[in-house]
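Trainee: Got a structure for you, questions after.
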Amino acid sequence: MAKALSDKSWLEHLLAEELEQHDPDAARARLPADVRAAAEARGDLLPAARLLVARSLRRRRLCADPPPADDAFLDEVRTHVGLALDLALLRGEPFLRTRQRAEIAAFLAAALGLDALALEVEPEQPGGSTDRAVERALRGAAEALQARAYPAGDPVSGLPLHPGATAILRRRLARVVLGFHRAGRLVPEALARHGAYAARESVLLAEALSGLLLAAGSDGERARGLRVRQLARLGLSRAELRDARRLVASPRGPEEIAADAPERVRPFLLEQLLLAQLRVRLDGDGPRRWTERFAAAAGLDAQAAAAAQIEAAAQHCDHEVWFEAFDEGGVPVDWQVLADEWESVADHVVERVSTAVTDNLGSLATEIRETGELGGLLAKAAAGKTLSAAEKRKVKAQLIDLAKAVPALAIFAAPGGMLLLPLLAKLLPFNLMPSAWDRPPRGDGAPAPGAKPGAAEGAAAPATAKAPGKAGGRKREPV
């Protein structure tokens with residue numbers, strides 16, 4: 001059990017526990033086949049890293065009550081460590097506990113911007129790293145993690161920053177690990193580049209979320225002050241923090257933000273805007289229209305929009321509302337059984353929905369328009385309102401009709417289909433941008449390249465993005 005966070009050695013203890021429990025053979029067997037295949041395809045860990053990052057962000061545990069603050073935070077840190085361990089497995093190197101401890105200490109420190117501490121613990125330096133250097137790196141990383149991510153979440157009326165900030169940190173960690181394995185060491189110039197890229201993502205994310213909340217009419221002096229103070233948790237330099245405060249206080253329009261964002265960051269920003277709407281339950285047309293404008297300016301097609309929506313839904317944790325809204329004949333939902341099932345099949349569930357939806361966008365949109373009531377009833381449930389027994393029957397009947405018209409959606413009527421329903425409900429057009437659904441299909445009838453998050457970059461940086469222009473004239477980061 002990890003030590004209390006008040007103890008400065010809590011991260012050292014947590015890492016020791018994770019390494020002690022780590023069974024490389026069992027961990028390798030648990031890696032999904034698509035991740036292993038991505039790593040083996042060209043001997044390049046980049047595709048596998050993207051998949052691992054995307055999967056690490058999805059909601060795997062369903063619980064009626066949120067976990068204690070310490071547990072939620074420590075679970076996130078364990079996932080950071082797990083990502084580094086999984087990438088080491090894919091690299092095929094033997095598991096040496098002392099070396100892994102030093103490497104992970106260096107990787108965490110570098111991902112948090114503590115480059116000097118990371119370089120001191122460099123395992124490849126002459127003579128190897130010292131225990132003292134590893135301890136300094138882990139204690140520095142522990143302090144930075146607490147400053148940025150504890151407690152795990154965001155204050156009421158604040159920016160819904162935490163999920164996006166966690167994703168940015170995890171992608172930066174993956175870049176550090178990949179760079180180390182390519183070069184055989186940590187390269188200071190590469191670490192600086194990773195830091196600059198992550199800072200740019202963070203500022204764009206904060207500005208976009210601020211614009212979304214303003215579009216919802218969520219403003220006021222107290223809220224603005226709270227949001228500006230939140231920016232201190234992003235780990236920005238003084239100059240970057242100054243720019244972020246200015247942009248959050250007075251955000252640009254969605255078109256300007258989209259134009260300024262690197263091409264690979266645009267799908268991520270859309271995903272976070274959609275996730276924010278699910279988490280904060282923003283009312284009115286303002287947030288939807290603001291998001292539509294961003295998606296249009298970013299050049300994202302319907303498949304890209306669906307991919308972002310799928311990942312946003314997979315990262316959201318209001319599934320209990322949906323299970324209860326659509327239970328059979330008023331029979332109480334066995335929440336623990338559903339939670340256990342979800343944890344064991346979460347990634348498979350997401351990828352089944354991804355395939356069904358992104359491969360059938362045109363047919364799905366047409367049928368939804370013709371069903372009439374389905375979108376409205378699901379929107380009602382999404383708003384936290386209870387459906388009557390008659391309304392539940394209508395939803396189920398229309399979903400059956402939908403599956404008849406779009407056979408791929410029969411998965412929702414199959415055993416285990418109840419687990420898929422919350423994701424489908426969040427993907428239907430009342431929640432997706434209508435402009436994306438109204439665009440004509442591709443002339444060749446083929447899906448957009450990389451449209452499935454399970455087979456592309458997912459939350460890491462979806463490959464579905466097809467935006468015009470260059471990525472701000474800067475070198476693209478790989479994950």
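Within each chain, counting starts at residue 1; across the structure tokens, chains are named A, B, ... in the order shown, with ligands numbered 1 upward in that order.
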Might you pull out every residue within 8 Å of region 110-112 of chain A, with only C-alpha atoms counted and same-chain residues fewer than 3 positions away left off, and present them as a list in words?
Mentor: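 My reading of the contact set: Ala106, Phe107, Asp115, Leu117, Ala118, Ala141, Ala144, Leu145, Leu169, Arg172, Leu173, Val176, Leu191, Gly195 and Gly235 of chain A.
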Trainee: Assign secondary structure with DSSP using the backbone only, and return the residues of region 78-144 of chain A in alpha helix (DSSP H) as a CSV table (one decimal) with N, CA and C atoms, in the first residue's frame.
Mentor:
```
chain,number,residue,atom,x,y,z
A,78,ARG,N,-0.3,5.4,-10.9
A,78,ARG,CA,0.0,4.0,-11.3
A,78,ARG,C,-0.1,3.7,-12.8
A,79,THR,N,-1.1,4.4,-13.4
A,79,THR,CA,-1.3,4.3,-14.8
A,79,THR,C,-0.1,4.9,-15.6
A,80,HIS,N,0.4,6.0,-15.1
A,80,HIS,CA,1.7,6.6,-15.7
A,80,HIS,C,2.8,5.5,-15.7
A,81,VAL,N,3.0,4.9,-14.5
A,81,VAL,CA,4.0,3.9,-14.4
A,81,VAL,C,3.8,2.7,-15.3
A,82,GLY,N,2.5,2.3,-15.3
A,82,GLY,CA,2.1,1.1,-16.2
A,82,GLY,C,2.4,1.4,-17.7
A,83,LEU,N,2.2,2.6,-18.1
A,83,LEU,CA,2.5,3.0,-19.5
A,83,LEU,C,3.9,2.8,-19.8
A,84,ALA,N,4.8,3.2,-18.9
A,84,ALA,CA,6.3,3.1,-19.1
A,84,ALA,C,6.6,1.6,-19.1
A,85,LEU,N,6.0,0.8,-18.2
A,85,LEU,CA,6.4,-0.6,-18.2
A,85,LEU,C,5.9,-1.4,-19.4
A,86,ASP,N,4.7,-1.0,-19.9
A,86,ASP,CA,4.2,-1.6,-21.1
A,86,ASP,C,5.1,-1.3,-22.3
A,87,LEU,N,5.5,-0.1,-22.4
A,87,LEU,CA,6.4,0.2,-23.6
A,87,LEU,C,7.8,-0.5,-23.5
A,88,ALA,N,8.2,-0.7,-22.2
A,88,ALA,CA,9.5,-1.5,-22.0
A,88,ALA,C,9.2,-3.0,-22.5
A,89,LEU,N,8.0,-3.5,-22.2
A,89,LEU,CA,7.7,-4.9,-22.6
A,89,LEU,C,7.8,-5.0,-24.2
A,90,LEU,N,7.1,-4.0,-24.8
A,90,LEU,CA,7.1,-4.0,-26.3
A,90,LEU,C,8.5,-3.9,-26.9
A,91,ARG,N,9.4,-3.2,-26.2
A,91,ARG,CA,10.7,-3.1,-26.6
A,91,ARG,C,11.5,-4.4,-26.6
A,97,ARG,N,14.7,-5.1,-12.4
A,97,ARG,CA,14.0,-4.2,-11.5
A,97,ARG,C,14.8,-2.9,-11.2
A,98,THR,N,16.1,-3.1,-10.9
A,98,THR,CA,16.9,-1.9,-10.6
A,98,THR,C,16.9,-0.9,-11.7
A,99,ARG,N,17.2,-1.4,-12.9
A,99,ARG,CA,17.2,-0.6,-14.1
A,99,ARG,C,15.9,0.1,-14.4
A,100,GLN,N,14.8,-0.7,-14.3
A,100,GLN,CA,13.5,-0.2,-14.6
A,100,GLN,C,13.2,1.0,-13.6
A,101,ARG,N,13.6,0.8,-12.3
A,101,ARG,CA,13.4,1.9,-11.3
A,101,ARG,C,14.0,3.2,-11.8
A,102,ALA,N,15.3,3.0,-12.2
A,102,ALA,CA,16.0,4.2,-12.6
A,102,ALA,C,15.4,4.8,-13.9
A,103,GLU,N,15.1,4.0,-14.9
A,103,GLU,CA,14.5,4.5,-16.1
A,103,GLU,C,13.2,5.2,-15.8
A,104,ILE,N,12.3,4.6,-15.0
A,104,ILE,CA,11.0,5.2,-14.8
A,104,ILE,C,11.1,6.5,-14.0
A,105,ALA,N,12.1,6.6,-13.1
A,105,ALA,CA,12.3,7.8,-12.3
A,105,ALA,C,12.7,8.9,-13.3
A,106,ALA,N,13.6,8.6,-14.3
A,106,ALA,CA,14.1,9.5,-15.3
A,106,ALA,C,12.9,10.0,-16.2
A,107,PHE,N,12.1,9.0,-16.6
A,107,PHE,CA,11.0,9.3,-17.5
A,107,PHE,C,10.0,10.2,-16.9
A,108,LEU,N,9.6,9.9,-15.6
A,108,LEU,CA,8.6,10.7,-14.9
A,108,LEU,C,9.1,12.1,-14.7
A,109,ALA,N,10.4,12.2,-14.3
A,109,ALA,CA,10.9,13.6,-14.1
A,109,ALA,C,11.0,14.4,-15.4
A,110,ALA,N,11.4,13.7,-16.5
A,110,ALA,CA,11.4,14.4,-17.7
A,110,ALA,C,10.0,14.9,-18.2
A,111,ALA,N,9.0,14.0,-18.1
A,111,ALA,CA,7.7,14.3,-18.5
A,111,ALA,C,7.1,15.4,-17.7
A,115,ASP,N,14.0,18.4,-16.2
A,115,ASP,CA,15.0,17.8,-17.1
A,115,ASP,C,16.4,17.6,-16.4
A,116,ALA,N,16.8,18.5,-15.6
A,116,ALA,CA,18.1,18.3,-14.9
A,116,ALA,C,18.1,17.1,-14.0
A,117,LEU,N,17.0,16.9,-13.2
A,117,LEU,CA,16.9,15.7,-12.4
A,117,LEU,C,16.9,14.4,-13.3
A,118,ALA,N,16.1,14.5,-14.4
A,118,ALA,CA,16.1,13.3,-15.3
A,118,ALA,C,17.4,13.0,-15.8
A,119,LEU,N,18.2,13.9,-16.3
A,119,LEU,CA,19.5,13.7,-16.9
A,119,LEU,C,20.5,13.2,-15.8
A,120,GLU,N,20.3,13.6,-14.6
A,120,GLU,CA,21.2,13.1,-13.5
A,120,GLU,C,21.0,11.6,-13.3
A,131,ASP,N,21.7,5.6,-6.5
A,131,ASP,CA,20.4,5.6,-5.8
A,131,ASP,C,20.0,7.0,-5.4
A,132,ARG,N,21.0,7.8,-5.0
A,132,ARG,CA,20.6,9.2,-4.6
A,132,ARG,C,20.0,10.0,-5.7
A,133,ALA,N,20.5,9.8,-6.9
A,133,ALA,CA,20.0,10.5,-8.1
A,133,ALA,C,18.6,10.1,-8.4
A,134,VAL,N,18.3,8.7,-8.2
A,134,VAL,CA,17.0,8.2,-8.5
A,134,VAL,C,16.0,8.8,-7.4
A,135,GLU,N,16.4,8.8,-6.2
A,135,GLU,CA,15.6,9.3,-5.1
A,135,GLU,C,15.2,10.8,-5.3
A,136,ARG,N,16.2,11.6,-5.8
A,136,ARG,CA,16.0,13.0,-6.0
A,136,ARG,C,15.0,13.1,-7.2
A,137,ALA,N,15.1,12.3,-8.2
A,137,ALA,CA,14.2,12.4,-9.3
A,137,ALA,C,12.8,12.0,-8.9
A,138,LEU,N,12.7,11.0,-8.1
A,138,LEU,CA,11.3,10.5,-7.7
A,138,LEU,C,10.7,11.5,-6.8
A,139,ARG,N,11.5,12.1,-5.9
A,139,ARG,CA,10.9,13.1,-5.0
A,139,ARG,C,10.5,14.4,-5.7
A,140,GLY,N,11.3,14.8,-6.7
A,140,GLY,CA,10.9,15.9,-7.5
A,140,GLY,C,9.6,15.6,-8.3
A,141,ALA,N,9.6,14.4,-8.9
A,141,ALA,CA,8.4,14.1,-9.6
A,141,ALA,C,7.1,14.0,-8.7
A,142,ALA,N,7.3,13.5,-7.5
A,142,ALA,CA,6.2,13.4,-6.6
A,142,ALA,C,5.6,14.7,-6.3
A,143,GLU,N,6.5,15.7,-6.0
A,143,GLU,CA,6.1,17.0,-5.7
A,143,GLU,C,5.4,17.7,-6.9
A,144,ALA,N,5.9,17.5,-8.1
A,144,ALA,CA,5.3,18.0,-9.3
A,144,ALA,C,3.9,17.4,-9.5
```
Trainee: With only C-alpha atoms as the counted atoms, please give the residues lying no more than 12 Å from Asp75 (chain A), apart from itself and same-chain residues fewer than 6 positions off, as a list in words.
Mentor: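 So, after excluding close chain neighbours, the residues are Met1, Ala2, Leu11, Leu14, Glu18, Ser56, Leu57, Arg59, Arg60, Arg61, Pro67, Pro68, Ala69, Val81, Gly82, Ala149, Tyr150, Pro151 and Ala152 of chain A.
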Trainee: Of the candidates A:Ala314, A:Leu46, A:Leu96, A:Ala232, which shows the shortest atom-to-atom distance to Glu20 (chain A), using only C-alpha atoms?
Mentor: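 Using only C-alpha atoms, Glu20 (chain A) sits closest to A:Leu96.
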Trainee: Grab the CA of Glu207 (chain A) to CA of Leu247 (chain A) distance for me, in Å with one decimal place.
Mentor: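 Separation of CA of Glu207 (chain A) and CA of Leu247 (chain A): 5.7 Å.
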